[in-house]
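K.L.:
Sharing run_19.cif here; it has mmCIF, N, CA, C and O atoms.
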data_data
#
loop_
_atom_site.label_atom_id
_atom_site.label_comp_id
_atom_site.auth_asym_id
_atom_site.auth_seq_id
_atom_site.Cartn_x
_atom_site.Cartn_y
_atom_site.Cartn_z
N MET A 1 -41.04 -63.75 -14.68
CA MET A 1 -41.94 -64.26 -13.66
C MET A 1 -42.91 -65.24 -14.32
O MET A 1 -43.50 -64.93 -15.35
N PRO A 2 -43.10 -66.44 -13.74
CA PRO A 2 -44.00 -67.43 -14.35
C PRO A 2 -45.45 -66.97 -14.28
O PRO A 2 -45.85 -66.21 -13.40
N ALA A 3 -46.24 -67.43 -15.24
CA ALA A 3 -47.67 -67.09 -15.27
C ALA A 3 -48.38 -67.69 -14.06
O ALA A 3 -48.04 -68.77 -13.60
N ARG A 4 -49.34 -66.94 -13.55
CA ARG A 4 -50.12 -67.43 -12.41
C ARG A 4 -51.18 -68.39 -12.90
O ARG A 4 -51.81 -68.17 -13.93
N LYS A 5 -51.39 -69.44 -12.14
CA LYS A 5 -52.44 -70.39 -12.46
C LYS A 5 -53.78 -69.78 -12.09
O LYS A 5 -53.92 -69.14 -11.04
N THR A 6 -54.77 -69.93 -12.93
CA THR A 6 -56.09 -69.38 -12.68
C THR A 6 -56.95 -70.43 -11.99
O THR A 6 -57.06 -71.56 -12.45
N ALA A 7 -57.53 -70.06 -10.86
CA ALA A 7 -58.45 -70.93 -10.14
C ALA A 7 -59.86 -70.60 -10.59
O ALA A 7 -60.20 -69.45 -10.81
N ALA A 8 -60.69 -71.61 -10.73
CA ALA A 8 -62.06 -71.39 -11.18
C ALA A 8 -63.03 -71.38 -10.01
O ALA A 8 -62.94 -72.21 -9.11
N PHE A 9 -63.90 -70.39 -10.01
CA PHE A 9 -65.00 -70.28 -9.07
C PHE A 9 -66.27 -70.13 -9.90
O PHE A 9 -66.24 -69.55 -10.98
N THR A 10 -67.37 -70.59 -9.37
CA THR A 10 -68.65 -70.38 -10.03
C THR A 10 -69.60 -69.73 -9.05
O THR A 10 -70.22 -70.42 -8.23
N PRO A 11 -69.71 -68.39 -9.10
CA PRO A 11 -70.69 -67.76 -8.21
C PRO A 11 -72.09 -67.98 -8.76
O PRO A 11 -72.29 -68.10 -9.97
N TYR A 12 -73.04 -68.09 -7.86
CA TYR A 12 -74.44 -68.25 -8.25
C TYR A 12 -75.18 -66.97 -7.92
O TYR A 12 -75.19 -66.54 -6.78
N PHE A 13 -75.77 -66.37 -8.93
CA PHE A 13 -76.54 -65.16 -8.78
C PHE A 13 -78.02 -65.47 -9.02
O PHE A 13 -78.34 -66.34 -9.82
N THR A 14 -78.90 -64.72 -8.36
CA THR A 14 -80.31 -64.81 -8.73
C THR A 14 -80.43 -64.21 -10.12
O THR A 14 -79.51 -63.53 -10.61
N GLU A 15 -81.56 -64.41 -10.77
CA GLU A 15 -81.78 -63.83 -12.10
C GLU A 15 -81.66 -62.30 -12.04
O GLU A 15 -81.05 -61.69 -12.91
N ASP A 16 -82.24 -61.69 -11.00
CA ASP A 16 -82.17 -60.23 -10.86
C ASP A 16 -80.73 -59.77 -10.66
O ASP A 16 -80.29 -58.78 -11.26
N GLU A 17 -79.98 -60.47 -9.79
CA GLU A 17 -78.58 -60.11 -9.56
C GLU A 17 -77.77 -60.24 -10.85
O GLU A 17 -76.98 -59.35 -11.19
N ALA A 18 -77.96 -61.35 -11.56
CA ALA A 18 -77.22 -61.58 -12.81
C ALA A 18 -77.53 -60.50 -13.83
O ALA A 18 -76.63 -60.02 -14.53
N GLY A 19 -78.79 -60.11 -13.91
CA GLY A 19 -79.16 -59.04 -14.83
C GLY A 19 -78.47 -57.74 -14.50
O GLY A 19 -78.03 -57.00 -15.39
N GLN A 20 -78.36 -57.43 -13.21
CA GLN A 20 -77.68 -56.21 -12.79
C GLN A 20 -76.18 -56.29 -13.04
O GLN A 20 -75.56 -55.29 -13.43
N VAL A 21 -75.58 -57.46 -12.83
CA VAL A 21 -74.14 -57.63 -13.12
C VAL A 21 -73.89 -57.39 -14.60
O VAL A 21 -72.98 -56.64 -14.98
N ARG A 22 -74.70 -58.02 -15.45
CA ARG A 22 -74.52 -57.84 -16.90
C ARG A 22 -74.72 -56.38 -17.29
O ARG A 22 -73.95 -55.82 -18.09
N ALA A 23 -75.77 -55.73 -16.74
CA ALA A 23 -76.05 -54.33 -17.07
C ALA A 23 -74.91 -53.42 -16.63
O ALA A 23 -74.50 -52.52 -17.38
N ALA A 24 -74.40 -53.64 -15.42
CA ALA A 24 -73.29 -52.81 -14.92
C ALA A 24 -72.05 -52.98 -15.79
O ALA A 24 -71.38 -52.00 -16.13
N PHE A 25 -71.77 -54.22 -16.16
CA PHE A 25 -70.60 -54.45 -17.02
C PHE A 25 -70.78 -53.76 -18.36
O PHE A 25 -69.87 -53.07 -18.84
N LEU A 26 -71.95 -53.93 -18.99
CA LEU A 26 -72.17 -53.30 -20.29
C LEU A 26 -72.13 -51.78 -20.20
O LEU A 26 -71.64 -51.10 -21.10
N ALA A 27 -72.64 -51.22 -19.11
CA ALA A 27 -72.70 -49.77 -18.96
C ALA A 27 -71.34 -49.16 -18.62
O ALA A 27 -71.03 -48.05 -19.07
N ALA A 28 -70.54 -49.85 -17.83
CA ALA A 28 -69.33 -49.20 -17.31
C ALA A 28 -68.09 -50.08 -17.26
O ALA A 28 -67.01 -49.57 -17.00
N GLY A 29 -68.23 -51.37 -17.50
CA GLY A 29 -67.09 -52.27 -17.34
C GLY A 29 -65.88 -51.90 -18.17
O GLY A 29 -64.76 -51.82 -17.65
N VAL A 30 -66.09 -51.65 -19.45
CA VAL A 30 -64.96 -51.32 -20.32
C VAL A 30 -64.33 -49.99 -19.89
O VAL A 30 -63.10 -49.87 -19.83
N ALA A 31 -65.16 -49.01 -19.55
CA ALA A 31 -64.64 -47.71 -19.09
C ALA A 31 -63.85 -47.85 -17.80
O ALA A 31 -62.93 -47.07 -17.54
N GLU A 32 -64.18 -48.86 -16.99
CA GLU A 32 -63.46 -49.11 -15.74
C GLU A 32 -62.23 -50.00 -15.95
O GLU A 32 -61.52 -50.31 -15.01
N GLY A 33 -62.02 -50.46 -17.17
CA GLY A 33 -60.83 -51.26 -17.48
C GLY A 33 -61.05 -52.76 -17.49
O GLY A 33 -60.08 -53.52 -17.53
N ASP A 34 -62.31 -53.19 -17.46
CA ASP A 34 -62.59 -54.63 -17.46
C ASP A 34 -62.77 -55.13 -18.89
O ASP A 34 -63.57 -54.60 -19.65
N ALA A 35 -62.02 -56.16 -19.25
CA ALA A 35 -62.09 -56.72 -20.60
C ALA A 35 -63.24 -57.71 -20.75
O ALA A 35 -63.68 -58.00 -21.86
N SER A 36 -63.73 -58.22 -19.62
CA SER A 36 -64.81 -59.21 -19.65
C SER A 36 -65.61 -59.10 -18.37
O SER A 36 -65.18 -58.48 -17.40
N VAL A 37 -66.78 -59.73 -18.37
CA VAL A 37 -67.58 -59.74 -17.15
C VAL A 37 -66.83 -60.48 -16.04
O VAL A 37 -66.95 -60.14 -14.86
N SER A 38 -66.03 -61.46 -16.40
CA SER A 38 -65.22 -62.16 -15.40
C SER A 38 -64.23 -61.20 -14.75
O SER A 38 -64.07 -61.19 -13.52
N ASP A 39 -63.57 -60.36 -15.54
CA ASP A 39 -62.66 -59.34 -14.99
C ASP A 39 -63.42 -58.42 -14.02
O ASP A 39 -62.93 -58.08 -12.95
N PHE A 40 -64.62 -58.02 -14.42
CA PHE A 40 -65.47 -57.15 -13.60
C PHE A 40 -65.77 -57.80 -12.25
O PHE A 40 -65.63 -57.18 -11.20
N ILE A 41 -66.17 -59.08 -12.28
CA ILE A 41 -66.52 -59.79 -11.04
C ILE A 41 -65.29 -59.98 -10.16
O ILE A 41 -65.35 -59.80 -8.94
N VAL A 42 -64.15 -60.32 -10.76
CA VAL A 42 -62.91 -60.49 -9.98
C VAL A 42 -62.51 -59.18 -9.32
O VAL A 42 -62.20 -59.14 -8.12
N ARG A 43 -62.55 -58.08 -10.07
CA ARG A 43 -62.17 -56.78 -9.52
C ARG A 43 -63.08 -56.40 -8.35
O ARG A 43 -62.62 -55.98 -7.29
N ALA A 44 -64.38 -56.57 -8.52
CA ALA A 44 -65.33 -56.23 -7.46
C ALA A 44 -65.13 -57.13 -6.24
O ALA A 44 -65.15 -56.66 -5.09
N THR A 45 -64.90 -58.40 -6.47
CA THR A 45 -64.71 -59.35 -5.37
C THR A 45 -63.44 -59.02 -4.60
O THR A 45 -63.43 -59.00 -3.36
N MET A 46 -62.35 -58.73 -5.30
CA MET A 46 -61.09 -58.44 -4.62
C MET A 46 -61.16 -57.11 -3.86
O MET A 46 -60.55 -56.97 -2.81
N ARG A 47 -61.95 -56.16 -4.36
CA ARG A 47 -62.16 -54.92 -3.61
C ARG A 47 -62.85 -55.24 -2.28
O ARG A 47 -62.47 -54.71 -1.23
N GLU A 48 -63.82 -56.14 -2.29
CA GLU A 48 -64.51 -56.53 -1.07
C GLU A 48 -63.58 -57.33 -0.15
O GLU A 48 -63.59 -57.14 1.07
N VAL A 49 -62.75 -58.20 -0.70
CA VAL A 49 -61.78 -58.96 0.11
C VAL A 49 -60.86 -57.98 0.84
O VAL A 49 -60.62 -58.13 2.05
N LYS A 50 -60.37 -56.98 0.15
CA LYS A 50 -59.47 -55.99 0.78
C LYS A 50 -60.19 -55.21 1.87
O LYS A 50 -59.61 -54.93 2.93
N ARG A 51 -61.46 -54.88 1.66
CA ARG A 51 -62.24 -54.19 2.69
C ARG A 51 -62.37 -55.07 3.93
O ARG A 51 -62.17 -54.62 5.06
N LEU A 52 -62.65 -56.35 3.73
CA LEU A 52 -62.78 -57.28 4.86
C LEU A 52 -61.44 -57.49 5.56
O LEU A 52 -61.40 -57.63 6.79
N GLN A 53 -60.35 -57.51 4.81
CA GLN A 53 -59.02 -57.62 5.43
C GLN A 53 -58.77 -56.43 6.35
O GLN A 53 -58.27 -56.59 7.46
N ARG A 54 -59.11 -55.23 5.87
CA ARG A 54 -58.92 -54.04 6.71
C ARG A 54 -59.79 -54.12 7.96
O ARG A 54 -59.34 -53.78 9.05
N LYS A 55 -61.02 -54.55 7.82
CA LYS A 55 -61.97 -54.58 8.92
C LYS A 55 -61.71 -55.70 9.91
O LYS A 55 -61.85 -55.53 11.12
N HIS A 56 -61.33 -56.88 9.42
CA HIS A 56 -61.27 -58.07 10.28
C HIS A 56 -59.89 -58.69 10.44
O HIS A 56 -59.75 -59.68 11.17
N ASN A 57 -58.87 -58.17 9.76
CA ASN A 57 -57.56 -58.81 9.82
C ASN A 57 -56.43 -57.79 9.82
O ASN A 57 -55.37 -58.03 9.24
N GLN A 58 -56.65 -56.64 10.45
CA GLN A 58 -55.65 -55.58 10.55
C GLN A 58 -55.02 -55.22 9.20
O GLN A 58 -53.85 -54.84 9.12
N GLY A 59 -55.78 -55.36 8.13
CA GLY A 59 -55.30 -55.01 6.80
C GLY A 59 -54.36 -56.01 6.17
O GLY A 59 -53.84 -55.78 5.09
N MET A 60 -54.14 -57.11 6.85
CA MET A 60 -53.22 -58.13 6.35
C MET A 60 -53.95 -59.16 5.50
O MET A 60 -55.14 -59.44 5.73
N LYS A 61 -53.22 -59.77 4.56
CA LYS A 61 -53.80 -60.88 3.80
C LYS A 61 -53.98 -62.06 4.73
O LYS A 61 -53.19 -62.28 5.65
N TRP A 62 -55.03 -62.84 4.47
CA TRP A 62 -55.22 -64.09 5.20
C TRP A 62 -54.38 -65.18 4.57
O TRP A 62 -53.98 -65.08 3.40
N ASP A 63 -54.10 -66.22 5.34
CA ASP A 63 -53.46 -67.40 4.77
C ASP A 63 -54.43 -68.00 3.75
O ASP A 63 -55.63 -68.08 4.00
N PRO A 64 -53.93 -68.42 2.59
CA PRO A 64 -54.82 -69.01 1.58
C PRO A 64 -55.51 -70.26 2.11
O PRO A 64 -54.97 -70.99 2.95
N VAL A 65 -56.70 -70.50 1.62
CA VAL A 65 -57.48 -71.69 1.97
C VAL A 65 -57.47 -72.59 0.74
O VAL A 65 -57.79 -72.13 -0.36
N PRO A 66 -57.11 -73.86 0.89
CA PRO A 66 -56.99 -74.73 -0.28
C PRO A 66 -58.34 -75.07 -0.91
O PRO A 66 -59.37 -75.04 -0.23
N PRO A 67 -58.32 -75.38 -2.20
CA PRO A 67 -59.55 -75.80 -2.87
C PRO A 67 -60.18 -76.99 -2.15
O PRO A 67 -59.48 -77.82 -1.58
N GLY A 68 -61.49 -77.04 -2.17
CA GLY A 68 -62.20 -78.13 -1.53
C GLY A 68 -62.54 -77.88 -0.08
O GLY A 68 -63.21 -78.70 0.56
N SER A 69 -62.08 -76.75 0.50
CA SER A 69 -62.32 -76.46 1.91
C SER A 69 -63.66 -75.80 2.18
O SER A 69 -64.09 -75.74 3.32
N LEU A 70 -64.29 -75.28 1.15
CA LEU A 70 -65.53 -74.55 1.32
C LEU A 70 -66.73 -75.37 0.87
O LEU A 70 -66.60 -76.24 0.01
N ARG A 71 -67.87 -75.05 1.43
CA ARG A 71 -69.11 -75.70 0.99
C ARG A 71 -69.35 -75.33 -0.46
O ARG A 71 -69.15 -74.19 -0.87
N ARG A 72 -69.81 -76.27 -1.24
CA ARG A 72 -70.09 -76.02 -2.65
C ARG A 72 -71.58 -75.86 -2.87
O ARG A 72 -72.39 -76.28 -2.06
N GLY A 73 -71.91 -75.29 -4.01
CA GLY A 73 -73.30 -75.25 -4.42
C GLY A 73 -73.99 -73.94 -4.14
O GLY A 73 -73.43 -73.01 -3.57
N GLN A 74 -75.22 -73.91 -4.56
CA GLN A 74 -76.04 -72.72 -4.41
C GLN A 74 -76.55 -72.59 -2.99
O GLN A 74 -76.57 -73.55 -2.23
N ARG A 75 -77.00 -71.38 -2.67
CA ARG A 75 -77.61 -71.14 -1.37
C ARG A 75 -78.93 -71.89 -1.29
O ARG A 75 -79.61 -72.11 -2.30
N THR A 76 -79.29 -72.28 -0.08
CA THR A 76 -80.58 -72.92 0.11
C THR A 76 -81.68 -71.86 0.04
O THR A 76 -81.41 -70.66 0.14
N ARG A 77 -82.93 -72.29 -0.09
CA ARG A 77 -84.05 -71.33 -0.11
C ARG A 77 -84.07 -70.50 1.17
O ARG A 77 -84.33 -69.31 1.14
N ASP A 78 -83.80 -71.14 2.30
CA ASP A 78 -83.79 -70.43 3.58
C ASP A 78 -82.69 -69.37 3.59
O ASP A 78 -82.89 -68.25 4.06
N GLU A 79 -81.51 -69.71 3.08
CA GLU A 79 -80.42 -68.75 3.01
C GLU A 79 -80.76 -67.58 2.07
O GLU A 79 -80.45 -66.43 2.37
N LEU A 80 -81.40 -67.89 0.96
CA LEU A 80 -81.82 -66.83 0.05
C LEU A 80 -82.83 -65.91 0.71
O LEU A 80 -82.75 -64.70 0.59
N ARG A 81 -83.79 -66.49 1.42
CA ARG A 81 -84.81 -65.68 2.09
C ARG A 81 -84.16 -64.78 3.14
O ARG A 81 -84.45 -63.60 3.22
N HIS A 82 -83.27 -65.33 3.94
CA HIS A 82 -82.58 -64.55 4.97
C HIS A 82 -81.78 -63.42 4.34
O HIS A 82 -81.78 -62.30 4.82
N ARG A 83 -81.09 -63.71 3.24
CA ARG A 83 -80.30 -62.68 2.57
C ARG A 83 -81.19 -61.57 2.05
O ARG A 83 -80.88 -60.40 2.20
N ASN A 84 -82.31 -61.93 1.44
CA ASN A 84 -83.22 -60.93 0.90
C ASN A 84 -83.86 -60.08 2.00
O ASN A 84 -84.11 -58.90 1.81
N GLU A 85 -84.10 -60.68 3.16
CA GLU A 85 -84.69 -59.94 4.28
C GLU A 85 -83.71 -58.93 4.84
O GLU A 85 -84.11 -57.90 5.37
N SER A 86 -82.41 -59.20 4.76
CA SER A 86 -81.42 -58.31 5.35
C SER A 86 -81.02 -57.17 4.42
O SER A 86 -80.28 -56.29 4.81
N GLU A 87 -81.48 -57.18 3.19
CA GLU A 87 -81.10 -56.12 2.24
C GLU A 87 -81.99 -54.92 2.38
O GLU A 87 -83.08 -54.92 2.77
#
Take the structure in the file and give it back as C-alpha cells.

P.N.:
Amino acid sequence: MPARKTAAFTPYFTEDEAGQVRAAFLAAGVAEGDASVSDFIVRATMREVKRLQRKHNQGMKWDPVPPGSLRRGQRTRDELRHRNESE
C-alpha cells in the first residue's frame, strides 16, 4: 500500500490552551501511544471528528473538502471573546 500524503494544518491556540496541550502531552501522551505532540493533536481531533460524524452525519464519513476551501488564519478578537464566554 502506498504511503499516505500528509496534509499540513496549523491550529492556533491561546497561550493558556497551548500550555495545557503541552502539559497533557508530557503527562500522558506517551502512555496513550503518542510519539509527538502532533500525534496527540491528530488523535484528539479525529476523535472529535468521529463524534461529530455520529451526531450530524449518521456516523458516516463526510466527503473530503479540498485544501483552500476554509477560511485561514487566527480567530478574531470577537470570535475569541464569544468562545471564552461559552465555556

K.L.:
If we count all atoms listed in the file, what is near segment 36-53 of chain A at a cut-off of 8 Å, once residues fewer than 5 positions away on the same chain are taken out, given as a count of residues only?

P.N.:
11

K.L.:
Between atom CA of Gly73 of chain A and atom O of Pro11 of chain A, what is the distance in Å, rounded to a tenth?

P.N.:
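Distance between the two atoms: 9.1 Å.
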
K.L.:
In Å, with one decimal, what is the gap from atom O of Pro67 of chain A to atom N of Leu80 of chain A?

P.N.:
24.2 Å

K.L.:
With only C-alpha atoms as the atoms that count, which of A:Arg77, A:Ala27, A:Pro66, A:Asn57 lies nearest to Ala7 of chain A?

P.N.:
A:Pro66

K.L.:
Please extract the residues of chain A with a backbone DSSP assignment of alpha helix (DSSP H) and present them as a PyMOL selection string.

P.N.:
chain A and resi 15-24+37-56+77-86

K.L.:
So what do you get for atom O of Thr10 of chain A versus atom N of Glu79 of chain A, distance-wise?

P.N.:
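Pair atom O of Thr10 of chain A / atom N of Glu79 of chain A returns 16.0 Å.
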
K.L.:
For segment 18-37 of chain A, take all atoms listed in the file, fit an axis-aligned box around them, add 6 Å to each of the six sides, then output centre and edge lengths in Å rounded to one decimal, as lines of an AutoDock Vina configuration file.

P.N.:
center_x = -69.6
center_y = -54.3
center_z = -16.7
size_x = 31.1
size_y = 26.5
size_z = 22.3
